[in-house]
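Data from query_6.pdb: PDB, C-alpha atoms
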ATOM      1  CA  MET A   1      -0.162  10.455  25.052
ATOM      2  CA  LEU A   2      -1.067   6.806  24.405
ATOM      3  CA  GLU A   3      -2.974   7.830  21.269
ATOM      4  CA  THR A   4       0.130   9.590  19.949
ATOM      5  CA  ILE A   5       2.367   6.574  20.610
ATOM      6  CA  PHE A   6       0.071   4.112  18.863
ATOM      7  CA  GLY A   7      -0.670   6.587  16.090
ATOM      8  CA  THR A   8       3.040   6.909  15.452
ATOM      9  CA  ILE A   9       3.444   3.133  15.414
ATOM     10  CA  ALA A  10       0.567   2.860  12.909
ATOM     11  CA  LEU A  11       2.120   5.545  10.715
ATOM     12  CA  ILE A  12       5.554   3.884  10.711
ATOM     13  CA  THR A  13       4.191   0.404  10.023
ATOM     14  CA  SER A  14       2.068   1.753   7.174
ATOM     15  CA  ILE A  15       5.131   3.337   5.636
ATOM     16  CA  ILE A  16       7.111   0.107   5.787
ATOM     17  CA  GLY A  17       4.141  -2.227   5.178
ATOM     18  CA  LEU A  18       4.388  -2.582   1.403
ATOM     19  CA  LEU A  19       7.563  -0.608   0.804
ATOM     20  CA  PRO A  20       9.804  -3.723   0.692
ATOM     21  CA  GLN A  21       7.524  -5.189  -1.983
ATOM     22  CA  VAL A  22       7.677  -1.977  -4.030
ATOM     23  CA  ILE A  23      11.475  -1.952  -3.823
ATOM     24  CA  LYS A  24      11.756  -5.655  -4.689
ATOM     25  CA  ALA A  25       9.366  -5.284  -7.634
ATOM     26  CA  ILE A  26      11.396  -2.401  -9.051
ATOM     27  CA  GLN A  27      14.725  -4.187  -8.529
ATOM     28  CA  THR A  28      13.647  -7.543  -9.953
ATOM     29  CA  ARG A  29      11.169  -6.134 -12.480
ATOM     30  CA  SER A  30       8.850  -8.940 -11.426
ATOM     31  CA  THR A  31       5.556  -9.021  -9.552
ATOM     32  CA  ALA A  32       4.522 -12.577 -10.357
ATOM     33  CA  ASP A  33       4.591 -13.550  -6.688
ATOM     34  CA  ILE A  34       2.294 -10.689  -5.593
ATOM     35  CA  SER A  35      -1.444 -11.311  -5.403
ATOM     36  CA  MET A  36      -3.575  -8.755  -7.248
ATOM     37  CA  PHE A  37      -6.517  -9.681  -5.007
ATOM     38  CA  MET A  38      -4.451  -8.789  -1.934
ATOM     39  CA  LEU A  39      -3.441  -5.450  -3.447
ATOM     40  CA  ILE A  40      -7.028  -4.551  -4.361
ATOM     41  CA  ASN A  41      -8.217  -5.610  -0.917
ATOM     42  CA  TYR A  42      -5.466  -3.521   0.721
ATOM     43  CA  SER A  43      -6.478  -0.519  -1.397
ATOM     44  CA  ILE A  44     -10.155  -0.828  -0.493
ATOM     45  CA  CYS A  45      -9.242  -1.200   3.168
ATOM     46  CA  SER A  46      -7.027   1.888   3.001
ATOM     47  CA  VAL A  47      -9.790   3.949   1.372
ATOM     48  CA  ALA A  48     -12.241   2.884   4.072
ATOM     49  CA  TRP A  49      -9.771   3.866   6.809
ATOM     50  CA  ILE A  50      -9.076   7.192   5.072
ATOM     51  CA  VAL A  51     -12.785   7.996   5.095
ATOM     52  CA  TYR A  52     -13.002   6.895   8.723
ATOM     53  CA  GLY A  53     -10.002   9.043   9.621
ATOM     54  CA  LEU A  54     -11.587  12.051   7.943
ATOM     55  CA  GLN A  55     -14.909  11.488   9.690
ATOM     56  CA  THR A  56     -13.306  11.074  13.125
ATOM     57  CA  HIS A  57     -10.695  13.791  12.561
ATOM     58  CA  SER A  58      -7.897  11.319  13.249
ATOM     59  CA  ASN A  59      -4.772  12.509  11.479
ATOM     60  CA  PHE A  60      -2.842   9.322  12.264
ATOM     61  CA  VAL A  61      -5.530   7.096  10.731
ATOM     62  CA  PHE A  62      -5.838   9.378   7.724
ATOM     63  CA  PHE A  63      -2.142   9.850   6.936
ATOM     64  CA  SER A  64      -1.019   6.293   7.649
ATOM     65  CA  ASN A  65      -3.653   4.968   5.271
ATOM     66  CA  ILE A  66      -2.831   7.535   2.595
ATOM     67  CA  LEU A  67       0.672   6.051   2.619
ATOM     68  CA  GLY A  68      -0.742   2.526   2.512
ATOM     69  CA  LEU A  69      -2.983   3.455  -0.412
ATOM     70  CA  VAL A  70      -0.107   5.008  -2.346
ATOM     71  CA  SER A  71       1.992   1.878  -1.781
ATOM     72  CA  SER A  72      -0.757  -0.494  -2.871
ATOM     73  CA  LEU A  73      -1.651   1.594  -5.944
ATOM     74  CA  THR A  74       2.038   1.724  -6.879
ATOM     75  CA  LEU A  75       2.232  -2.063  -6.644
ATOM     76  CA  ILE A  76      -0.953  -2.467  -8.680
ATOM     77  CA  TYR A  77       0.584  -0.303 -11.404
ATOM     78  CA  LEU A  78       3.889  -2.195 -11.258
ATOM     79  CA  LYS A  79       2.110  -5.547 -11.335
ATOM     80  CA  LYS A  80       0.063  -4.621 -14.388
ATOM     81  CA  TYR A  81       3.136  -3.140 -16.106
ATOM     82  CA  PHE A  82       5.558  -5.991 -15.372
ATOM     83  CA  ASP A  83       2.970  -8.721 -16.001
ATOM     84  CA  TYR A  84       2.224  -7.102 -19.371
ATOM     85  CA  GLN A  85       5.954  -6.926 -20.162
ATOM     86  CA  THR A  86       6.322 -10.618 -19.289
ATOM     87  CA  MET A  87       3.432 -11.534 -21.592
ATOM     88  CA  GLN A  88       5.041  -9.588 -24.443
ATOM     89  CA  VAL A  89       8.326 -11.503 -24.116
ATOM     90  CA  THR A  90       6.760 -14.949 -24.190
TER      91      THR A  90
END

Just give me the structure as structure tokens.
Amino acid sequence: MLETIFGTIALITSIIGLLPQVIKAIQTRSTADISMFMLINYSICSVAWIVYGLQTHSNFVFFSNILGLVSSLTLIYLKKYFDYQTMQVT
């Protein structure tokens, strides 16, 4: 029971972890204030947890980090895209 409660909390916080940044980046079309190092680190961390979740057969670890990885990869794409667009304007 306790595993399910904390697994659910981990899943929910992973969903909302980077989601506000994704939304803000799309709305403002700017990612200048987002660190690429942090995004790469978050992606590597997510991949490591995904592998761990697979090895330990933990669905909560696996799925929550899939969502985290998707969010961080989305932000990496947006950062590269918007930073490139900003360089083209100047």

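If only C-alpha atoms are the atoms counted, then among A:Ile12, A:Leu54, A:Ala32, A:Ile26 the closest residue to Thr86 of chain A is A:Ala32.
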
Quiz item: Can you tell me, as a ChimeraX atom specification, what residues are no more than 9 Å from segment 61-78 of chain A when counting only C-alpha atoms, ignoring any on the same chain fewer than 2 positions away?
Solution: /A:7-8,10-19,21-22,25-26,29-31,34,36,39-40,42-54,57-59,80-83

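Counting from atom CA of Gln88 of chain A, the distance to atom CA of Asn41 of chain A is 27.3 Å.
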
Quiz prompt | atom CA of Thr28 of chain A to atom CA of Met87 of chain A, straight-line distance in Å | solution = 16.0 Å

Practice problem: Provide the atom CA of Lys79 of chain A to atom CA of Ile23 of chain A distance in Å, to one decimal place. | Solution: 12.5 Å

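Nearest-residue note for Phe60 of chain A: choosing from A:Lys24, A:Met38, A:Glu3, A:Asp33, the minimum distance belongs to A:Glu3, counting all atoms listed in the file.
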